[in-house]
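File shown here: query36.tsv, holding TSV, C-alpha atoms.
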chain	number	residue	atom	x	y	z
A	1	MET	CA	0.00	0.00	0.00
A	2	SER	CA	2.84	2.41	0.82
A	3	ALA	CA	4.37	1.74	-2.61
A	4	ILE	CA	1.08	2.56	-4.30
A	5	LEU	CA	0.78	5.83	-2.36
A	6	TYR	CA	4.41	6.78	-3.06
A	7	ASP	CA	4.17	6.04	-6.78
A	8	GLY	CA	0.71	7.60	-6.98
A	9	THR	CA	2.03	10.79	-5.40
A	10	ALA	CA	4.82	10.87	-7.99
A	11	MET	CA	2.24	10.53	-10.77
A	12	LEU	CA	0.16	13.24	-9.11
A	13	GLY	CA	3.16	15.56	-9.36
A	14	ARG	CA	3.57	14.64	-13.04
A	15	HIS	CA	-0.02	15.57	-13.85
A	16	LEU	CA	0.15	18.81	-11.86
A	17	GLN	CA	3.31	19.76	-13.75
A	18	ARG	CA	1.50	18.92	-16.97
A	19	ILE	CA	-1.34	21.26	-16.02
A	20	ARG	CA	1.13	24.00	-15.10
A	21	HIS	CA	2.69	23.81	-18.56
A	22	ALA	CA	-0.72	23.93	-20.28
A	23	PRO	CA	-2.52	26.78	-18.47
A	24	ALA	CA	-4.93	27.43	-21.37
A	25	ILE	CA	-6.60	24.03	-20.83
A	26	LEU	CA	-6.88	24.70	-17.11
A	27	VAL	CA	-8.38	28.14	-17.66
A	28	MET	CA	-10.91	26.76	-20.15
A	29	THR	CA	-12.03	23.90	-17.90
A	30	GLN	CA	-12.34	26.24	-14.91
A	31	THR	CA	-14.15	29.07	-16.68
A	32	MET	CA	-16.64	27.10	-18.77
A	33	PRO	CA	-18.80	26.11	-15.74
A	34	ILE	CA	-18.93	29.78	-14.75
A	35	VAL	CA	-20.01	30.75	-18.27
A	36	PHE	CA	-22.76	28.12	-18.23
A	37	LEU	CA	-23.85	29.24	-14.76
A	38	LEU	CA	-24.20	32.83	-15.92
A	39	PHE	CA	-25.97	31.76	-19.11
A	40	PHE	CA	-28.48	29.45	-17.43
A	41	GLY	CA	-28.91	31.77	-14.45
A	42	TYR	CA	-29.70	34.93	-16.38
A	43	VAL	CA	-31.17	33.59	-19.63
A	44	PHE	CA	-33.27	30.74	-18.22
A	45	GLY	CA	-33.66	32.39	-14.83
A	46	SER	CA	-35.40	35.36	-16.36
A	47	ALA	CA	-37.91	33.09	-18.10
A	48	LEU	CA	-38.61	30.53	-15.35
A	49	ALA	CA	-40.69	31.01	-12.25
A	50	MET	CA	-40.29	28.20	-9.72
A	51	PRO	CA	-42.96	28.16	-7.00
A	52	GLY	CA	-41.44	28.66	-3.58
A	53	SER	CA	-37.88	28.73	-4.83
A	54	ASP	CA	-35.59	31.09	-6.68
A	55	TYR	CA	-34.22	29.47	-9.84
A	56	ARG	CA	-30.64	30.60	-9.25
A	57	ALA	CA	-30.67	29.06	-5.77
A	58	PHE	CA	-31.87	25.85	-7.42
A	59	LEU	CA	-29.39	26.12	-10.29
A	60	VAL	CA	-26.08	26.73	-8.48
A	61	PRO	CA	-26.00	23.35	-6.66
A	62	GLY	CA	-27.02	21.65	-9.90
A	63	MET	CA	-24.19	23.37	-11.76
A	64	LEU	CA	-21.72	22.28	-9.07
A	65	VAL	CA	-22.87	18.69	-9.58
A	66	ALA	CA	-22.72	19.02	-13.39
A	67	THR	CA	-19.11	20.19	-12.98
A	68	ALA	CA	-18.38	17.12	-10.86
A	69	ALA	CA	-19.95	14.91	-13.54
A	70	ASN	CA	-17.56	16.38	-16.12
A	71	GLY	CA	-14.91	14.13	-14.61
A	72	ILE	CA	-15.98	11.57	-17.21
A	73	MET	CA	-14.96	13.86	-20.05
A	74	THR	CA	-11.67	15.10	-18.59
A	75	GLY	CA	-10.64	11.68	-17.33
A	76	MET	CA	-11.40	10.08	-20.68
A	77	PHE	CA	-9.55	12.67	-22.72
A	78	THR	CA	-6.42	12.69	-20.55
A	79	ALA	CA	-6.17	8.89	-20.38
A	80	ALA	CA	-6.78	8.53	-24.13
A	81	GLN	CA	-4.17	11.17	-24.91
A	82	ASP	CA	-1.50	9.45	-22.83
A	83	THR	CA	-2.46	6.04	-24.23
A	84	HIS	CA	-2.35	6.91	-27.91
A	85	ARG	CA	0.76	9.10	-27.70
A	86	GLY	CA	2.83	6.31	-26.17
A	87	VAL	CA	3.12	7.84	-22.69
A	88	MET	CA	1.41	4.90	-21.02
A	89	ASP	CA	3.78	2.47	-22.75
A	90	ARG	CA	6.80	4.31	-21.36
A	91	LEU	CA	5.31	4.52	-17.87
A	92	ARG	CA	4.46	0.82	-17.98
A	93	THR	CA	8.18	-0.02	-18.32
A	94	LEU	CA	9.03	1.73	-15.05
A	95	PRO	CA	9.30	-0.24	-11.78
A	96	MET	CA	6.17	1.13	-10.12
A	97	SER	CA	2.76	-0.04	-9.02
A	98	ARG	CA	0.32	-0.59	-11.87
A	99	ALA	CA	-2.31	1.34	-9.92
A	100	ALA	CA	-0.09	4.43	-9.56
A	101	VAL	CA	-0.60	5.94	-13.03
A	102	PRO	CA	-4.42	6.04	-13.06
A	103	LEU	CA	-4.40	6.92	-9.36
A	104	GLY	CA	-2.12	9.90	-9.99
A	105	GLN	CA	-4.41	11.15	-12.75
A	106	ALA	CA	-7.48	10.81	-10.52
A	107	LEU	CA	-5.80	12.64	-7.63
A	108	ALA	CA	-4.62	15.48	-9.87
A	109	ASP	CA	-8.13	15.87	-11.27
A	110	LEU	CA	-9.54	15.94	-7.73
A	111	VAL	CA	-7.09	18.68	-6.70
A	112	THR	CA	-7.91	20.89	-9.70
A	113	THR	CA	-11.64	20.29	-9.26
A	114	ALA	CA	-11.52	21.28	-5.59
A	115	ALA	CA	-9.75	24.50	-6.60
A	116	GLY	CA	-12.22	25.10	-9.43
A	117	LEU	CA	-15.29	24.76	-7.22
A	118	VAL	CA	-14.22	27.84	-5.25
A	119	PRO	CA	-14.64	30.48	-8.02
A	120	LEU	CA	-17.81	28.74	-9.21
A	121	ALA	CA	-19.32	28.95	-5.73
A	122	LEU	CA	-18.21	32.59	-5.39
A	123	VAL	CA	-19.93	33.50	-8.66
A	124	GLY	CA	-23.02	31.71	-7.39
A	125	LEU	CA	-22.93	33.78	-4.21
A	126	ALA	CA	-22.62	36.94	-6.29
A	127	MET	CA	-25.74	35.84	-8.24
A	128	GLY	CA	-27.77	35.56	-5.03
A	129	TRP	CA	-27.27	31.92	-4.05
A	130	ARG	CA	-26.83	31.35	-0.32
A	131	ILE	CA	-25.82	28.42	1.88
A	132	GLU	CA	-28.68	28.00	4.34
A	133	GLY	CA	-27.90	24.62	5.85
A	134	GLY	CA	-25.05	25.41	8.23
A	135	PRO	CA	-21.29	24.84	8.00
A	136	PHE	CA	-21.25	21.09	8.70
A	137	ALA	CA	-23.98	20.38	6.18
A	138	ALA	CA	-22.17	22.56	3.63
A	139	ALA	CA	-18.93	20.66	4.25
A	140	GLY	CA	-20.85	17.43	3.67
A	141	ALA	CA	-22.19	18.82	0.39
A	142	PHE	CA	-18.71	19.68	-0.87
A	143	GLY	CA	-17.51	16.26	0.29
A	144	LEU	CA	-20.23	14.58	-1.79
A	145	LEU	CA	-19.25	16.68	-4.79
A	146	LEU	CA	-15.63	15.59	-4.55
A	147	LEU	CA	-16.59	11.94	-3.98
A	148	PHE	CA	-18.81	12.01	-7.06
A	149	ARG	CA	-16.08	13.76	-9.08
A	150	CYS	CA	-13.62	11.05	-8.06
A	151	ALA	CA	-16.07	8.37	-9.20
A	152	THR	CA	-16.79	10.00	-12.56
A	153	THR	CA	-13.08	10.57	-13.16
A	154	TRP	CA	-12.41	6.85	-12.77
A	155	VAL	CA	-15.24	6.15	-15.22
A	156	GLY	CA	-13.52	8.49	-17.67
A	157	ILE	CA	-10.09	6.93	-17.10
A	158	LEU	CA	-11.48	3.47	-17.84
A	159	LEU	CA	-13.18	4.66	-21.02
A	160	GLY	CA	-10.09	6.59	-22.10
A	161	LEU	CA	-7.83	3.58	-21.64
A	162	ALA	CA	-10.26	1.47	-23.67
A	163	SER	CA	-10.75	4.06	-26.42
A	164	ARG	CA	-9.70	3.38	-30.01
A	165	SER	CA	-8.22	6.84	-30.58
A	166	GLU	CA	-7.99	10.34	-29.15
A	167	GLU	CA	-10.66	11.50	-31.59
A	168	ALA	CA	-13.09	8.79	-30.50
A	169	ALA	CA	-12.51	9.67	-26.85
A	170	GLY	CA	-13.07	13.34	-27.58
A	171	GLN	CA	-16.34	12.68	-29.38
A	172	LEU	CA	-17.62	10.34	-26.69
A	173	GLY	CA	-16.51	12.75	-23.98
A	174	SER	CA	-18.39	15.60	-25.62
A	175	ALA	CA	-21.53	13.44	-25.65
A	176	THR	CA	-21.43	13.25	-21.85
A	177	PHE	CA	-22.61	16.88	-21.87
A	178	MET	CA	-26.10	15.36	-22.25
A	179	LEU	CA	-26.00	13.57	-18.89
A	180	PRO	CA	-26.82	16.62	-16.71
A	181	LEU	CA	-29.63	17.51	-19.12
A	182	LEU	CA	-31.22	14.12	-18.37
A	183	SER	CA	-31.33	14.87	-14.64
A	184	ASN	CA	-32.64	17.47	-12.23
A	185	ALA	CA	-29.41	19.47	-12.34
A	186	TYR	CA	-30.98	22.36	-14.25
A	187	LEU	CA	-34.74	21.81	-13.95
A	188	PRO	CA	-37.08	19.84	-11.65
A	189	THR	CA	-38.24	16.51	-13.01
A	190	ASP	CA	-41.86	16.65	-11.82
A	191	GLY	CA	-43.03	18.14	-15.12
A	192	LEU	CA	-41.48	15.41	-17.29
A	193	PRO	CA	-43.38	12.49	-18.85
A	194	SER	CA	-43.42	9.50	-16.49
A	195	TRP	CA	-40.92	7.39	-18.46
A	196	LEU	CA	-38.47	10.28	-18.90
A	197	ARG	CA	-38.86	11.27	-15.26
A	198	ALA	CA	-37.91	7.74	-14.20
A	199	VAL	CA	-34.78	7.90	-16.39
A	200	ALA	CA	-33.83	11.31	-15.00
A	201	GLU	CA	-34.37	10.33	-11.37
A	202	TRP	CA	-32.28	7.16	-11.66
A	203	ASN	CA	-29.49	9.21	-13.19
A	204	PRO	CA	-26.80	9.45	-10.45
A	205	ILE	CA	-26.53	13.19	-11.10
A	206	SER	CA	-30.10	13.66	-9.85
A	207	ALA	CA	-29.36	12.00	-6.52
A	208	VAL	CA	-26.21	14.07	-5.98
A	209	ALA	CA	-27.92	17.31	-7.02
A	210	THR	CA	-30.83	16.67	-4.64
A	211	ALA	CA	-28.44	15.81	-1.80
A	212	VAL	CA	-26.36	18.94	-2.36
A	213	ARG	CA	-29.47	21.17	-2.50
A	214	ASP	CA	-30.75	19.59	0.70
A	215	LEU	CA	-27.44	19.99	2.54
A	216	PHE	CA	-27.08	23.58	1.36
A	217	GLY	CA	-30.69	24.22	2.41
A	218	ASN	CA	-31.72	25.41	-1.05
A	219	ALA	CA	-34.58	23.02	-1.87
A	220	PRO	CA	-36.52	20.28	-0.06
A	221	VAL	CA	-36.21	16.61	-0.94
A	222	PRO	CA	-39.08	15.50	-3.25
A	223	ALA	CA	-41.43	13.05	-1.58
A	224	ASP	CA	-42.77	11.32	-4.70
A	225	ALA	CA	-39.58	10.59	-6.63
A	226	ALA	CA	-37.45	7.48	-7.19
A	227	TRP	CA	-35.56	6.03	-4.21
A	228	PRO	CA	-32.14	7.66	-4.95
A	229	VAL	CA	-33.82	11.09	-5.03
A	230	THR	CA	-36.01	10.61	-1.95
A	231	HIS	CA	-32.92	9.36	-0.05
A	232	PRO	CA	-30.37	11.59	-1.78
A	233	VAL	CA	-27.37	11.40	0.56
A	234	ALA	CA	-27.51	7.61	0.77
A	235	GLY	CA	-28.22	7.41	-2.97
A	236	SER	CA	-25.27	9.68	-3.80
A	237	VAL	CA	-22.84	7.70	-1.66
A	238	LEU	CA	-24.06	4.37	-3.01
A	239	TRP	CA	-23.87	5.51	-6.64
A	240	SER	CA	-20.35	6.89	-6.13
A	241	LEU	CA	-19.06	3.82	-4.30
A	242	ALA	CA	-20.62	1.51	-6.89
A	243	LEU	CA	-18.93	3.38	-9.74
A	244	LEU	CA	-15.60	3.28	-7.90
A	245	ALA	CA	-15.94	-0.42	-7.07
A	246	VAL	CA	-16.51	-1.25	-10.73
A	247	CYS	CA	-14.23	1.21	-12.51
A	248	VAL	CA	-11.10	1.33	-10.32
A	249	PRO	CA	-10.11	-2.35	-10.65
A	250	LEU	CA	-11.12	-2.43	-14.33
A	251	ALA	CA	-9.09	0.71	-15.10
A	252	VAL	CA	-6.02	-0.62	-13.26
A	253	ARG	CA	-6.34	-3.95	-15.05
A	254	ARG	CA	-6.73	-2.25	-18.42
A	255	TYR	CA	-3.65	-0.10	-17.82
A	256	ALA	CA	-1.61	-3.12	-16.71
A	257	ARG	CA	-2.60	-5.12	-19.82
A	258	GLY	CA	-1.76	-2.33	-22.22
A	259	PRO	CA	-3.31	-1.91	-25.69
A	260	ARG	CA	-4.66	-5.04	-27.37
Take the structure in this file and express it as structure tokens.
Amino acid sequence: MSAILYDGTAMLGRHLQRIRHAPAILVMTQTMPIVFLLFFGYVFGSALAMPGSDYRAFLVPGMLVATAANGIMTGMFTAAQDTHRGVMDRLRTLPMSRAAVPLGQALADLVTTAAGLVPLALVGLAMGWRIEGGPFAAAGAFGLLLLFRCATTWVGILLGLASRSEEAAGQLGSATFMLPLLSNAYLPTDGLPSWLRAVAEWNPISAVATAVRDLFGNAPVPADAAWPVTHPVAGSVLWSLALLAVCVPLAVRRYARGPR
């Protein structure tokens, strides 16, 4: 275990150095959620009237969760880039734990995401969003966001390692933009057709968004929704742990095997 942590920390440093030498990518990934927040908040917010709730207070937690879900896209693209440019082959020849390379990527993504949530939350506060649930509940909400980001990043790493090319990974990663739209991240699901509402409420993003809103004190938990949404904290933790339990060993195994 100590060898995995040591080698993983070394790979974490590699990825952080990589980000430092490519600041444009970092700026783009950090500013795009803010742009979407402003767009949805002021364009949709001016057209929507939510009974008993301000739309921006509803939107900001959903946008934080959508940002966490973007771990699929960033994890996929980074892993595919290293795989198809021969970086993974070189790293595989080094005497280090096979889990260290994907672990280092996941840790680096978690660090940058934690830093990126700060300006996004500050913009939300400037737009009128407030944390009403107390400091411990708010800390729990941010903890759920980071746990979910870690899970989605491992999903992306697995898909990136299994991708046929960088282009294929980029196209598939871009398609993950649809996942928050099929959830309650931006709009409540109670107005959807029954079949589409069931799909949206069993989307892990819906459980995490509901849990974060509840912990921040921004919106009550729906009483007539699917189980992960009516029990959002438990649903969020279970979804995240299930994704990690499946994707971590598969990603490590895929990296160790190399391209086939």
Computed interatomic separation between atom CA of A:Val27 and atom CA of A:Met63 (Å): 17.5 Å
Shell around A:Thr152 at 10 Å using all atoms listed in the file, local window under 4 positions removed, as a list in words: Ala68, Ala69, Asn70, Gly71, Ile72, Met73, Thr74, Gly75, Met76, Ala106, Leu146, Leu147, Phe148, Gly156, Ile157, Leu158, Ser240, Leu243, Leu244 and Cys247 of chain A
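Distances from A:Arg197, A:Leu26, A:Leu144, A:Leu182 to A:Gly235 were compared using all atoms listed in the file, and the smallest one belongs to A:Leu144.
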Selection: 12 Å around A:Phe142, all atoms listed in the file, excl. self and same-chain fewer than 2 positions, as a PyMOL selection string: chain A and resi 61+64-65+68+113-115+117-118+121+131+135-140+144-149+208-209+211-213+215-216
Shell around A:Val87 at 12 Å using all atoms listed in the file, local window under 5 positions removed, as a list in words: Arg14, Thr78, Ala79, Ala80, Gln81, Asp82, Arg92, Thr93, Leu94, Val101, Leu161, Tyr255 and Gly258 of chain A
Kindly export the residues of the current selection with C-alpha atoms, as a PDB file, in the coordinates of the input.
ATOM      1  CA  ARG A  14       3.570  14.640 -13.040  1.00  0.00           C
ATOM      2  CA  THR A  78      -6.420  12.690 -20.550  1.00  0.00           C
ATOM      3  CA  ALA A  79      -6.170   8.890 -20.380  1.00  0.00           C
ATOM      4  CA  ALA A  80      -6.780   8.530 -24.130  1.00  0.00           C
ATOM      5  CA  GLN A  81      -4.170  11.170 -24.910  1.00  0.00           C
ATOM      6  CA  ASP A  82      -1.500   9.450 -22.830  1.00  0.00           C
ATOM      7  CA  ARG A  92       4.460   0.820 -17.980  1.00  0.00           C
ATOM      8  CA  THR A  93       8.180  -0.020 -18.320  1.00  0.00           C
ATOM      9  CA  LEU A  94       9.030   1.730 -15.050  1.00  0.00           C
ATOM     10  CA  VAL A 101      -0.600   5.940 -13.030  1.00  0.00           C
ATOM     11  CA  LEU A 161      -7.830   3.580 -21.640  1.00  0.00           C
ATOM     12  CA  TYR A 255      -3.650  -0.100 -17.820  1.00  0.00           C
ATOM     13  CA  GLY A 258      -1.760  -2.330 -22.220  1.00  0.00           C
TER      14      GLY A 258
END
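Relative to atom CA of A:Ala175, atom CA of A:Met28 is found at 17.9 Å.
Residue nearest A:Arg257 within the list A:Pro232, A:Leu38, A:Ala162, A:Pro220: A:Ala162 [criterion: smallest interatomic distance, only C-alpha atoms].
Going from atom CA of A:Leu110 over to atom CA of A:Pro249, you cover 18.5 Å.
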Residues within 10 Å of A:Thr189, all atoms listed in the file, excluding chain neighbours under 5 positions, as a list in words: Leu182, Ser183, Asn184, Ser194, Leu196, Arg197, Ala198, Val199, Ala200, Glu201, Ser206, Pro222 and Ala225 of chain A
